[in-house]
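*Asks:* Sharing start-v9.cif (mmCIF, N, CA and C atoms) below.
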```cif
data_target
loop_
_atom_site.label_atom_id
_atom_site.label_comp_id
_atom_site.auth_asym_id
_atom_site.auth_seq_id
_atom_site.Cartn_x
_atom_site.Cartn_y
_atom_site.Cartn_z
N MET J 267 0.84 -1.18 0.00
CA MET J 267 0.00 0.00 0.00
C MET J 267 0.88 1.24 0.00
N SER J 268 0.57 2.16 -0.83
CA SER J 268 1.33 3.41 -0.96
C SER J 268 0.50 4.57 -0.42
N HIS J 269 1.19 5.48 0.26
CA HIS J 269 0.51 6.65 0.82
C HIS J 269 1.12 7.92 0.23
N THR J 270 0.30 8.92 0.09
CA THR J 270 0.77 10.22 -0.39
C THR J 270 0.69 11.20 0.77
N PHE J 271 1.82 11.77 1.14
CA PHE J 271 1.89 12.73 2.23
C PHE J 271 1.79 14.14 1.67
N THR J 272 1.07 14.98 2.38
CA THR J 272 0.87 16.36 1.96
C THR J 272 1.68 17.28 2.86
N PHE J 273 2.35 18.24 2.27
CA PHE J 273 3.15 19.22 3.02
C PHE J 273 2.21 20.21 3.71
N ASP J 274 2.44 20.43 5.02
CA ASP J 274 1.65 21.41 5.77
C ASP J 274 2.52 21.95 6.90
N ASP J 275 3.00 23.17 6.76
CA ASP J 275 3.86 23.77 7.79
C ASP J 275 3.15 24.85 8.59
N THR J 276 1.82 24.77 8.66
CA THR J 276 1.06 25.77 9.41
C THR J 276 1.10 25.48 10.90
N GLN J 277 0.93 26.50 11.70
CA GLN J 277 0.87 26.34 13.15
C GLN J 277 -0.36 25.55 13.56
N GLU J 278 -1.44 25.74 12.83
CA GLU J 278 -2.67 25.00 13.13
C GLU J 278 -2.44 23.49 13.00
N PHE J 279 -1.77 23.08 11.94
CA PHE J 279 -1.47 21.66 11.76
C PHE J 279 -0.54 21.15 12.87
N ALA J 280 0.50 21.90 13.19
CA ALA J 280 1.43 21.51 14.25
C ALA J 280 0.68 21.35 15.57
N ASN J 281 -0.24 22.26 15.86
CA ASN J 281 -1.05 22.16 17.08
C ASN J 281 -1.92 20.91 17.07
N SER J 282 -2.45 20.55 15.91
CA SER J 282 -3.28 19.35 15.79
C SER J 282 -2.48 18.09 16.11
N VAL J 283 -1.27 18.01 15.57
CA VAL J 283 -0.41 16.84 15.85
C VAL J 283 -0.06 16.80 17.32
N GLU J 284 0.29 17.95 17.90
CA GLU J 284 0.61 18.00 19.32
C GLU J 284 -0.59 17.54 20.16
N GLN J 285 -1.78 17.94 19.78
CA GLN J 285 -2.99 17.54 20.51
C GLN J 285 -3.20 16.03 20.42
N LYS J 286 -2.93 15.44 19.26
CA LYS J 286 -3.09 13.98 19.09
C LYS J 286 -2.10 13.23 20.00
N ILE J 287 -0.87 13.73 20.10
CA ILE J 287 0.12 13.11 20.98
C ILE J 287 -0.33 13.25 22.43
N ALA J 288 -0.83 14.43 22.79
CA ALA J 288 -1.31 14.65 24.16
C ALA J 288 -2.44 13.69 24.49
N GLU J 289 -3.38 13.49 23.57
CA GLU J 289 -4.49 12.56 23.80
C GLU J 289 -3.96 11.14 24.02
N PHE J 290 -3.00 10.73 23.20
CA PHE J 290 -2.39 9.41 23.36
C PHE J 290 -1.72 9.28 24.72
N ASN J 291 -0.94 10.29 25.10
CA ASN J 291 -0.23 10.26 26.38
C ASN J 291 -1.20 10.21 27.55
N TRP J 292 -2.24 11.01 27.50
CA TRP J 292 -3.19 11.10 28.62
C TRP J 292 -3.85 9.76 28.91
N GLN J 293 -4.00 8.93 27.89
CA GLN J 293 -4.60 7.60 28.08
C GLN J 293 -3.63 6.63 28.76
N ARG J 294 -2.34 6.92 28.73
CA ARG J 294 -1.34 5.98 29.20
C ARG J 294 -0.51 6.48 30.39
N TRP J 295 -0.38 7.80 30.52
CA TRP J 295 0.45 8.35 31.58
C TRP J 295 -0.25 8.26 32.92
N GLU J 296 0.56 8.15 33.97
CA GLU J 296 -0.01 8.15 35.31
C GLU J 296 -0.50 9.53 35.73
N VAL J 297 -0.04 10.57 35.04
CA VAL J 297 -0.44 11.95 35.33
C VAL J 297 -0.99 12.54 34.04
N SER J 298 -2.24 12.93 34.05
CA SER J 298 -2.85 13.43 32.82
C SER J 298 -3.06 14.94 32.84
N GLU J 299 -2.84 15.57 33.97
CA GLU J 299 -3.13 16.99 34.06
C GLU J 299 -1.84 17.81 34.08
N ARG J 300 -1.74 18.74 33.15
CA ARG J 300 -0.65 19.71 33.13
C ARG J 300 -1.28 21.06 33.44
N ILE J 301 -0.81 21.67 34.51
CA ILE J 301 -1.41 22.92 34.96
C ILE J 301 -0.47 24.07 34.61
N PRO J 302 -0.95 25.04 33.83
CA PRO J 302 -0.11 26.19 33.50
C PRO J 302 0.29 26.98 34.74
N LEU J 303 1.46 27.58 34.68
CA LEU J 303 1.94 28.45 35.76
C LEU J 303 2.57 29.67 35.10
N GLY J 304 1.91 30.79 35.22
CA GLY J 304 2.40 32.03 34.62
C GLY J 304 2.44 33.15 35.65
N LEU J 305 3.50 33.91 35.61
CA LEU J 305 3.65 35.09 36.47
C LEU J 305 4.13 36.25 35.61
N LYS J 306 3.65 37.44 35.91
CA LYS J 306 4.10 38.59 35.13
C LYS J 306 4.23 39.83 35.99
N LEU J 307 5.05 40.73 35.51
CA LEU J 307 5.22 42.05 36.10
C LEU J 307 4.97 43.06 34.99
N GLU J 308 4.03 43.97 35.24
CA GLU J 308 3.69 44.99 34.25
C GLU J 308 3.87 46.37 34.85
N ASP J 309 4.09 47.35 33.99
CA ASP J 309 4.15 48.73 34.47
C ASP J 309 2.72 49.28 34.57
N GLU J 310 2.61 50.54 34.95
CA GLU J 310 1.29 51.14 35.17
C GLU J 310 0.45 51.23 33.89
N ASN J 311 1.10 51.08 32.72
CA ASN J 311 0.38 51.12 31.45
C ASN J 311 0.07 49.73 30.90
N GLY J 312 0.40 48.71 31.66
CA GLY J 312 0.14 47.35 31.22
C GLY J 312 1.21 46.75 30.32
N ASN J 313 2.35 47.44 30.21
CA ASN J 313 3.45 46.91 29.41
C ASN J 313 4.18 45.82 30.19
N LEU J 314 4.49 44.74 29.52
CA LEU J 314 5.17 43.62 30.17
C LEU J 314 6.62 43.99 30.48
N LEU J 315 7.01 43.84 31.75
CA LEU J 315 8.37 44.11 32.19
C LEU J 315 9.14 42.83 32.51
N ALA J 316 8.42 41.80 32.92
CA ALA J 316 9.05 40.52 33.23
C ALA J 316 7.96 39.45 33.19
N GLY J 317 8.36 38.24 32.81
CA GLY J 317 7.38 37.18 32.75
C GLY J 317 7.99 35.80 32.91
N PHE J 318 7.17 34.90 33.38
CA PHE J 318 7.57 33.51 33.61
C PHE J 318 6.43 32.63 33.14
N SER J 319 6.75 31.62 32.32
CA SER J 319 5.74 30.66 31.91
C SER J 319 6.28 29.25 32.08
N ALA J 320 5.41 28.38 32.59
CA ALA J 320 5.79 27.00 32.86
C ALA J 320 4.52 26.18 32.98
N ARG J 321 4.70 24.93 33.35
CA ARG J 321 3.57 24.07 33.67
C ARG J 321 4.02 23.07 34.71
N THR J 322 3.08 22.63 35.50
CA THR J 322 3.38 21.62 36.51
C THR J 322 2.60 20.37 36.17
N PHE J 323 3.23 19.23 36.41
CA PHE J 323 2.55 17.95 36.23
C PHE J 323 3.30 16.90 37.04
N GLY J 324 2.55 16.11 37.78
CA GLY J 324 3.18 15.09 38.62
C GLY J 324 4.18 15.72 39.57
N ASN J 325 5.39 15.20 39.55
CA ASN J 325 6.48 15.68 40.41
C ASN J 325 7.24 16.86 39.82
N TRP J 326 6.86 17.34 38.64
CA TRP J 326 7.72 18.24 37.89
C TRP J 326 7.14 19.62 37.62
N LEU J 327 8.02 20.61 37.72
CA LEU J 327 7.82 21.96 37.20
C LEU J 327 8.63 22.03 35.92
N GLN J 328 7.97 22.21 34.79
CA GLN J 328 8.68 22.35 33.52
C GLN J 328 8.67 23.81 33.13
N ILE J 329 9.85 24.44 33.20
CA ILE J 329 9.98 25.87 32.92
C ILE J 329 10.15 26.07 31.42
N ASP J 330 9.28 26.89 30.86
CA ASP J 330 9.36 27.19 29.43
C ASP J 330 10.10 28.49 29.17
N ASN J 331 9.74 29.54 29.90
CA ASN J 331 10.32 30.86 29.64
C ASN J 331 10.43 31.69 30.91
N LEU J 332 11.54 32.42 31.02
CA LEU J 332 11.71 33.43 32.07
C LEU J 332 12.40 34.60 31.39
N TRP J 333 11.73 35.74 31.39
CA TRP J 333 12.25 36.92 30.70
C TRP J 333 12.10 38.14 31.59
N VAL J 334 13.15 38.98 31.58
CA VAL J 334 13.15 40.25 32.30
C VAL J 334 13.64 41.32 31.33
N SER J 335 12.93 42.45 31.27
CA SER J 335 13.32 43.52 30.36
C SER J 335 14.72 44.04 30.72
N GLU J 336 15.39 44.52 29.72
CA GLU J 336 16.76 45.05 29.91
C GLU J 336 16.82 46.07 31.04
N SER J 337 15.79 46.92 31.15
CA SER J 337 15.80 48.00 32.14
C SER J 337 15.74 47.49 33.58
N LEU J 338 15.29 46.25 33.78
CA LEU J 338 15.17 45.72 35.14
C LEU J 338 16.22 44.66 35.48
N ARG J 339 17.03 44.31 34.53
CA ARG J 339 18.03 43.26 34.80
C ARG J 339 19.02 43.75 35.84
N GLY J 340 19.47 42.83 36.67
CA GLY J 340 20.40 43.16 37.75
C GLY J 340 19.70 43.61 39.02
N GLN J 341 18.36 43.61 39.03
CA GLN J 341 17.60 44.05 40.19
C GLN J 341 16.90 42.89 40.90
N ARG J 342 17.32 41.68 40.61
CA ARG J 342 16.83 40.44 41.24
C ARG J 342 15.38 40.11 40.89
N ILE J 343 14.86 40.71 39.81
CA ILE J 343 13.49 40.43 39.38
C ILE J 343 13.37 38.97 38.92
N GLY J 344 14.32 38.51 38.12
CA GLY J 344 14.31 37.13 37.65
C GLY J 344 14.39 36.14 38.80
N GLU J 345 15.24 36.44 39.76
CA GLU J 345 15.37 35.59 40.94
C GLU J 345 14.05 35.51 41.71
N GLN J 346 13.38 36.66 41.85
CA GLN J 346 12.10 36.68 42.56
C GLN J 346 11.02 35.91 41.79
N LEU J 347 10.99 36.07 40.48
CA LEU J 347 10.03 35.33 39.66
C LEU J 347 10.24 33.82 39.82
N LEU J 348 11.49 33.41 39.70
CA LEU J 348 11.81 31.99 39.79
C LEU J 348 11.46 31.43 41.17
N ALA J 349 11.81 32.15 42.22
CA ALA J 349 11.53 31.69 43.57
C ALA J 349 10.02 31.57 43.81
N GLN J 350 9.25 32.53 43.34
CA GLN J 350 7.80 32.47 43.51
C GLN J 350 7.21 31.30 42.73
N ALA J 351 7.68 31.09 41.51
CA ALA J 351 7.20 29.97 40.70
C ALA J 351 7.54 28.64 41.35
N GLU J 352 8.76 28.50 41.87
CA GLU J 352 9.16 27.26 42.54
C GLU J 352 8.30 27.02 43.78
N ALA J 353 7.96 28.09 44.50
CA ALA J 353 7.10 27.94 45.69
C ALA J 353 5.71 27.46 45.29
N ILE J 354 5.17 28.02 44.23
CA ILE J 354 3.85 27.59 43.75
C ILE J 354 3.91 26.13 43.30
N ALA J 355 4.96 25.77 42.57
CA ALA J 355 5.12 24.40 42.11
C ALA J 355 5.22 23.43 43.28
N THR J 356 5.94 23.83 44.31
CA THR J 356 6.07 22.98 45.50
C THR J 356 4.71 22.80 46.17
N GLU J 357 3.93 23.88 46.25
CA GLU J 357 2.58 23.79 46.81
C GLU J 357 1.71 22.83 46.00
N ARG J 358 1.98 22.75 44.71
CA ARG J 358 1.23 21.85 43.82
C ARG J 358 1.75 20.41 43.90
N GLY J 359 2.78 20.18 44.69
CA GLY J 359 3.30 18.83 44.86
C GLY J 359 4.53 18.51 44.05
N CYS J 360 5.10 19.49 43.38
CA CYS J 360 6.29 19.24 42.57
C CYS J 360 7.52 19.05 43.47
N ILE J 361 8.38 18.16 43.04
CA ILE J 361 9.62 17.87 43.76
C ILE J 361 10.83 18.33 42.95
N TYR J 362 10.68 18.39 41.62
CA TYR J 362 11.78 18.71 40.72
C TYR J 362 11.37 19.79 39.74
N ALA J 363 12.38 20.46 39.18
CA ALA J 363 12.17 21.42 38.09
C ALA J 363 13.11 21.05 36.95
N ILE J 364 12.67 21.31 35.74
CA ILE J 364 13.48 21.06 34.55
C ILE J 364 13.33 22.25 33.61
N LEU J 365 14.41 22.55 32.88
CA LEU J 365 14.40 23.64 31.91
C LEU J 365 15.48 23.40 30.89
N ASP J 366 15.43 24.19 29.83
CA ASP J 366 16.56 24.25 28.91
C ASP J 366 16.87 25.71 28.64
N THR J 367 18.14 25.98 28.39
CA THR J 367 18.60 27.34 28.12
C THR J 367 19.74 27.27 27.11
N LEU J 368 19.85 28.28 26.29
CA LEU J 368 20.89 28.30 25.26
C LEU J 368 22.21 28.84 25.81
N ASN J 369 23.29 28.57 25.10
CA ASN J 369 24.62 28.94 25.58
C ASN J 369 24.79 30.45 25.80
N PHE J 370 24.00 31.29 25.14
CA PHE J 370 24.11 32.74 25.32
C PHE J 370 23.04 33.28 26.26
N GLN J 371 22.29 32.39 26.89
CA GLN J 371 21.21 32.84 27.76
C GLN J 371 21.59 32.79 29.24
N ALA J 372 21.01 31.89 30.01
CA ALA J 372 21.00 32.06 31.46
C ALA J 372 21.57 30.90 32.28
N ARG J 373 22.47 30.11 31.72
CA ARG J 373 23.01 29.00 32.49
C ARG J 373 23.59 29.45 33.83
N PRO J 374 24.44 30.47 33.89
CA PRO J 374 24.98 30.89 35.19
C PRO J 374 23.89 31.35 36.17
N PHE J 375 22.87 32.01 35.67
CA PHE J 375 21.75 32.44 36.50
C PHE J 375 21.12 31.24 37.19
N TYR J 376 20.81 30.21 36.42
CA TYR J 376 20.17 29.02 36.99
C TYR J 376 21.11 28.25 37.90
N GLU J 377 22.36 28.13 37.54
CA GLU J 377 23.32 27.42 38.39
C GLU J 377 23.44 28.10 39.75
N ALA J 378 23.42 29.42 39.76
CA ALA J 378 23.51 30.16 41.02
C ALA J 378 22.29 29.93 41.90
N ARG J 379 21.22 29.39 41.33
CA ARG J 379 20.00 29.14 42.08
C ARG J 379 19.72 27.64 42.25
N GLY J 380 20.80 26.85 42.12
CA GLY J 380 20.72 25.43 42.45
C GLY J 380 20.42 24.48 41.31
N TYR J 381 20.31 24.97 40.10
CA TYR J 381 20.07 24.08 38.96
C TYR J 381 21.37 23.42 38.54
N VAL J 382 21.25 22.17 38.12
CA VAL J 382 22.42 21.36 37.76
C VAL J 382 22.31 20.96 36.30
N LEU J 383 23.40 21.09 35.58
CA LEU J 383 23.45 20.69 34.18
C LEU J 383 23.34 19.17 34.09
N GLN J 384 22.38 18.70 33.30
CA GLN J 384 22.19 17.26 33.11
C GLN J 384 22.72 16.78 31.76
N TRP J 385 22.55 17.64 30.74
CA TRP J 385 22.91 17.22 29.40
C TRP J 385 23.11 18.45 28.53
N THR J 386 24.06 18.37 27.62
CA THR J 386 24.32 19.46 26.68
C THR J 386 24.07 18.96 25.27
N GLN J 387 23.23 19.66 24.54
CA GLN J 387 23.00 19.35 23.14
C GLN J 387 23.96 20.22 22.33
N GLU J 388 25.00 19.61 21.80
CA GLU J 388 26.04 20.31 21.06
C GLU J 388 25.56 20.68 19.65
N ALA J 389 26.27 21.61 19.03
CA ALA J 389 26.01 22.02 17.64
C ALA J 389 24.56 22.45 17.44
N TYR J 390 24.04 23.21 18.39
CA TYR J 390 22.65 23.64 18.35
C TYR J 390 22.54 25.14 18.24
N PRO J 391 21.88 25.73 17.29
CA PRO J 391 21.37 25.04 16.13
C PRO J 391 22.44 24.72 15.10
N LYS J 392 23.59 25.42 15.20
CA LYS J 392 24.74 25.10 14.34
C LYS J 392 26.02 25.06 15.16
N THR J 393 26.38 26.19 15.73
CA THR J 393 27.65 26.27 16.46
C THR J 393 27.47 26.48 17.96
N GLY J 394 26.26 26.71 18.40
CA GLY J 394 25.98 26.92 19.82
C GLY J 394 25.65 25.62 20.51
N CYS J 395 25.00 25.73 21.66
CA CYS J 395 24.54 24.54 22.36
C CYS J 395 23.36 24.89 23.24
N LYS J 396 22.63 23.85 23.64
CA LYS J 396 21.48 23.99 24.51
C LYS J 396 21.76 23.16 25.76
N TYR J 397 21.52 23.76 26.93
CA TYR J 397 21.75 23.09 28.20
C TYR J 397 20.42 22.65 28.80
N PHE J 398 20.36 21.43 29.26
CA PHE J 398 19.20 20.91 29.96
C PHE J 398 19.57 20.80 31.43
N MET J 399 18.77 21.43 32.28
CA MET J 399 19.12 21.56 33.69
C MET J 399 17.95 21.13 34.57
N THR J 400 18.26 20.62 35.75
CA THR J 400 17.23 20.23 36.71
C THR J 400 17.59 20.74 38.11
N LYS J 401 16.59 20.75 38.96
CA LYS J 401 16.79 21.14 40.35
C LYS J 401 15.82 20.34 41.21
N LYS J 402 16.29 19.89 42.36
CA LYS J 402 15.40 19.28 43.33
C LYS J 402 14.82 20.42 44.17
N LEU J 403 13.50 20.56 44.15
CA LEU J 403 12.84 21.67 44.83
C LEU J 403 12.64 21.42 46.31
N VAL J 404 12.47 20.17 46.69
CA VAL J 404 12.19 19.82 48.07
C VAL J 404 13.42 19.10 48.64
N ALA J 405 13.90 19.59 49.78
CA ALA J 405 15.10 18.98 50.37
C ALA J 405 14.78 17.68 51.05
#
```
Take the structure I supplied and represent it as structure tokens, if you would.

*Replies:*
Amino acid sequence: MSHTFTFDDTQEFANSVEQKIAEFNWQRWEVSERIPLGLKLEDENGNLLAGFSARTFGNWLQIDNLWVSESLRGQRIGEQLLAQAEAIATERGCIYAILDTLNFQARPFYEARGYVLQWTQEAYPKTGCKYFMTKKLVA
């Protein structure tokens, strides 16, 4: 039997495939609920100054993004965001956190806050690398 595959690089299609995988996983995983965790800091006009996005599931806090505007860097805003997110994750029952960061991003920031390098993806996307890091949240 021969099949003809159709090219589709739309975000809608990518979301559909992701949803199908999620449905498959939810039927088999011991944990089916992923709870979003977002924190933000805005100025008086509603402009985003700092933000954190992640999700919690089972024992894990999976950190997707932590961003602080250039004007606030060095003022411990990122540290405060991360600490608050870890506290919320711990309240939700998380024991560990996981994230990835690129070689020009925030590895030293995370290491200073107890994250440990687990694996390095070399030659990413060409000459850089991506670091995968974890932290035990509960002592």

*Asks:* Pull the strand (DSSP E) assignments for chain J out of DSSP run on the backbone, and list those residues as a PyMOL selection string.

*Replies:* chain J and resi 301-308+314-323+326-334+362-368+382-388+395-402

*Asks:* Which residues are near Arg358 of chain J? Cut-off 10 Å, only C-alpha atoms, ignore same chain within fewer than 4 positions. Put them as JSON, numbers by chain.

*Replies:* {"J": [301, 322, 323, 324, 325, 326, 327, 352, 353, 354]}

*Asks:* Work out how far atom C of Leu383 of chain J is from atom CA of Phe318 of chain J, in Å to one decimal.

*Replies:*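 Atom C of Leu383 of chain J lies at a distance of 21.3 Å from atom CA of Phe318 of chain J.
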
*Asks:* With a cut-off of 7 Å, could you pull out the residues of segment 272-367 of chain J touching segment 392-402 of chain J and give me the nearest pair of atoms for each, distance in Å to one decimal, using only N, CA and C atoms, ordered by chain and ascending number, as a Markdown table?

*Replies:*
```
| residue | atom | partner | partner_atom | distance |
| --- | --- | --- | --- | --- |
| J:Ile361 | C | J:Lys402 | C | 4.7 |
| J:Tyr362 | CA | J:Lys401 | C | 4.4 |
| J:Ala363 | N | J:Lys401 | C | 4.0 |
| J:Ile364 | CA | J:Thr400 | CA | 4.4 |
| J:Leu365 | C | J:Met399 | N | 4.1 |
| J:Asp366 | CA | J:Tyr397 | C | 4.2 |
| J:Thr367 | C | J:Tyr397 | N | 3.9 |
```

*Asks:* Among segment 268-405 of chain J, which residues carry a DSSP assignment of helix (DSSP H, G or I), reported as a PyMOL selection string?

*Replies:* chain J and resi 277-294+336-338+343-357+373-377

*Asks:* Provide segment 313-334 of chain J rebuilt to N, CA, C and O atoms, formatted as a PDB file, in the coordinates of the input.

*Replies:*
```
ATOM      1  N   ASN J 313       2.350  47.440  30.210  1.00  0.00           N
ATOM      2  CA  ASN J 313       3.450  46.910  29.410  1.00  0.00           C
ATOM      3  C   ASN J 313       4.180  45.820  30.190  1.00  0.00           C
ATOM      4  O   ASN J 313       4.483  45.998  31.374  1.00  0.00           O
ATOM      5  N   LEU J 314       4.490  44.740  29.520  1.00  0.00           N
ATOM      6  CA  LEU J 314       5.170  43.620  30.170  1.00  0.00           C
ATOM      7  C   LEU J 314       6.620  43.990  30.480  1.00  0.00           C
ATOM      8  O   LEU J 314       7.369  44.404  29.599  1.00  0.00           O
ATOM      9  N   LEU J 315       7.010  43.840  31.750  1.00  0.00           N
ATOM     10  CA  LEU J 315       8.370  44.110  32.190  1.00  0.00           C
ATOM     11  C   LEU J 315       9.140  42.830  32.510  1.00  0.00           C
ATOM     12  O   LEU J 315      10.359  42.797  32.386  1.00  0.00           O
ATOM     13  N   ALA J 316       8.420  41.800  32.920  1.00  0.00           N
ATOM     14  CA  ALA J 316       9.050  40.520  33.230  1.00  0.00           C
ATOM     15  C   ALA J 316       7.960  39.450  33.190  1.00  0.00           C
ATOM     16  O   ALA J 316       6.802  39.727  33.499  1.00  0.00           O
ATOM     17  N   GLY J 317       8.360  38.240  32.810  1.00  0.00           N
ATOM     18  CA  GLY J 317       7.380  37.180  32.750  1.00  0.00           C
ATOM     19  C   GLY J 317       7.990  35.800  32.910  1.00  0.00           C
ATOM     20  O   GLY J 317       9.177  35.602  32.630  1.00  0.00           O
ATOM     21  N   PHE J 318       7.170  34.900  33.380  1.00  0.00           N
ATOM     22  CA  PHE J 318       7.570  33.510  33.610  1.00  0.00           C
ATOM     23  C   PHE J 318       6.430  32.630  33.140  1.00  0.00           C
ATOM     24  O   PHE J 318       5.277  32.855  33.488  1.00  0.00           O
ATOM     25  N   SER J 319       6.750  31.620  32.320  1.00  0.00           N
ATOM     26  CA  SER J 319       5.740  30.660  31.910  1.00  0.00           C
ATOM     27  C   SER J 319       6.280  29.250  32.080  1.00  0.00           C
ATOM     28  O   SER J 319       7.445  28.976  31.801  1.00  0.00           O
ATOM     29  N   ALA J 320       5.410  28.380  32.590  1.00  0.00           N
ATOM     30  CA  ALA J 320       5.790  27.000  32.860  1.00  0.00           C
ATOM     31  C   ALA J 320       4.520  26.180  32.980  1.00  0.00           C
ATOM     32  O   ALA J 320       3.413  26.682  32.764  1.00  0.00           O
ATOM     33  N   ARG J 321       4.700  24.930  33.350  1.00  0.00           N
ATOM     34  CA  ARG J 321       3.570  24.070  33.670  1.00  0.00           C
ATOM     35  C   ARG J 321       4.020  23.070  34.710  1.00  0.00           C
ATOM     36  O   ARG J 321       5.206  22.743  34.811  1.00  0.00           O
ATOM     37  N   THR J 322       3.080  22.630  35.500  1.00  0.00           N
ATOM     38  CA  THR J 322       3.380  21.620  36.510  1.00  0.00           C
ATOM     39  C   THR J 322       2.600  20.370  36.170  1.00  0.00           C
ATOM     40  O   THR J 322       1.474  20.433  35.665  1.00  0.00           O
ATOM     41  N   PHE J 323       3.230  19.230  36.410  1.00  0.00           N
ATOM     42  CA  PHE J 323       2.550  17.950  36.230  1.00  0.00           C
ATOM     43  C   PHE J 323       3.300  16.900  37.040  1.00  0.00           C
ATOM     44  O   PHE J 323       4.533  16.862  37.052  1.00  0.00           O
ATOM     45  N   GLY J 324       2.550  16.110  37.780  1.00  0.00           N
ATOM     46  CA  GLY J 324       3.180  15.090  38.620  1.00  0.00           C
ATOM     47  C   GLY J 324       4.180  15.720  39.570  1.00  0.00           C
ATOM     48  O   GLY J 324       3.888  16.687  40.265  1.00  0.00           O
ATOM     49  N   ASN J 325       5.390  15.200  39.550  1.00  0.00           N
ATOM     50  CA  ASN J 325       6.480  15.680  40.410  1.00  0.00           C
ATOM     51  C   ASN J 325       7.240  16.860  39.820  1.00  0.00           C
ATOM     52  O   ASN J 325       8.208  17.320  40.434  1.00  0.00           O
ATOM     53  N   TRP J 326       6.860  17.340  38.640  1.00  0.00           N
ATOM     54  CA  TRP J 326       7.720  18.240  37.890  1.00  0.00           C
ATOM     55  C   TRP J 326       7.140  19.620  37.620  1.00  0.00           C
ATOM     56  O   TRP J 326       5.965  19.763  37.283  1.00  0.00           O
ATOM     57  N   LEU J 327       8.020  20.610  37.720  1.00  0.00           N
ATOM     58  CA  LEU J 327       7.820  21.960  37.200  1.00  0.00           C
ATOM     59  C   LEU J 327       8.630  22.030  35.920  1.00  0.00           C
ATOM     60  O   LEU J 327       9.852  21.863  35.955  1.00  0.00           O
ATOM     61  N   GLN J 328       7.970  22.210  34.790  1.00  0.00           N
ATOM     62  CA  GLN J 328       8.680  22.350  33.520  1.00  0.00           C
ATOM     63  C   GLN J 328       8.670  23.810  33.130  1.00  0.00           C
ATOM     64  O   GLN J 328       7.633  24.378  32.793  1.00  0.00           O
ATOM     65  N   ILE J 329       9.850  24.440  33.200  1.00  0.00           N
ATOM     66  CA  ILE J 329       9.980  25.870  32.920  1.00  0.00           C
ATOM     67  C   ILE J 329      10.150  26.070  31.420  1.00  0.00           C
ATOM     68  O   ILE J 329      11.047  25.488  30.805  1.00  0.00           O
ATOM     69  N   ASP J 330       9.280  26.890  30.860  1.00  0.00           N
ATOM     70  CA  ASP J 330       9.360  27.190  29.430  1.00  0.00           C
ATOM     71  C   ASP J 330      10.100  28.490  29.170  1.00  0.00           C
ATOM     72  O   ASP J 330      10.965  28.547  28.309  1.00  0.00           O
ATOM     73  N   ASN J 331       9.740  29.540  29.900  1.00  0.00           N
ATOM     74  CA  ASN J 331      10.320  30.860  29.640  1.00  0.00           C
ATOM     75  C   ASN J 331      10.430  31.690  30.910  1.00  0.00           C
ATOM     76  O   ASN J 331       9.521  31.667  31.738  1.00  0.00           O
ATOM     77  N   LEU J 332      11.540  32.420  31.020  1.00  0.00           N
ATOM     78  CA  LEU J 332      11.710  33.430  32.070  1.00  0.00           C
ATOM     79  C   LEU J 332      12.400  34.600  31.390  1.00  0.00           C
ATOM     80  O   LEU J 332      13.501  34.445  30.861  1.00  0.00           O
ATOM     81  N   TRP J 333      11.730  35.740  31.390  1.00  0.00           N
ATOM     82  CA  TRP J 333      12.250  36.920  30.700  1.00  0.00           C
ATOM     83  C   TRP J 333      12.100  38.140  31.590  1.00  0.00           C
ATOM     84  O   TRP J 333      11.080  38.332  32.244  1.00  0.00           O
ATOM     85  N   VAL J 334      13.150  38.980  31.580  1.00  0.00           N
ATOM     86  CA  VAL J 334      13.150  40.250  32.300  1.00  0.00           C
ATOM     87  C   VAL J 334      13.640  41.320  31.330  1.00  0.00           C
ATOM     88  O   VAL J 334      14.652  41.127  30.649  1.00  0.00           O
TER      89      VAL J 334
END
```
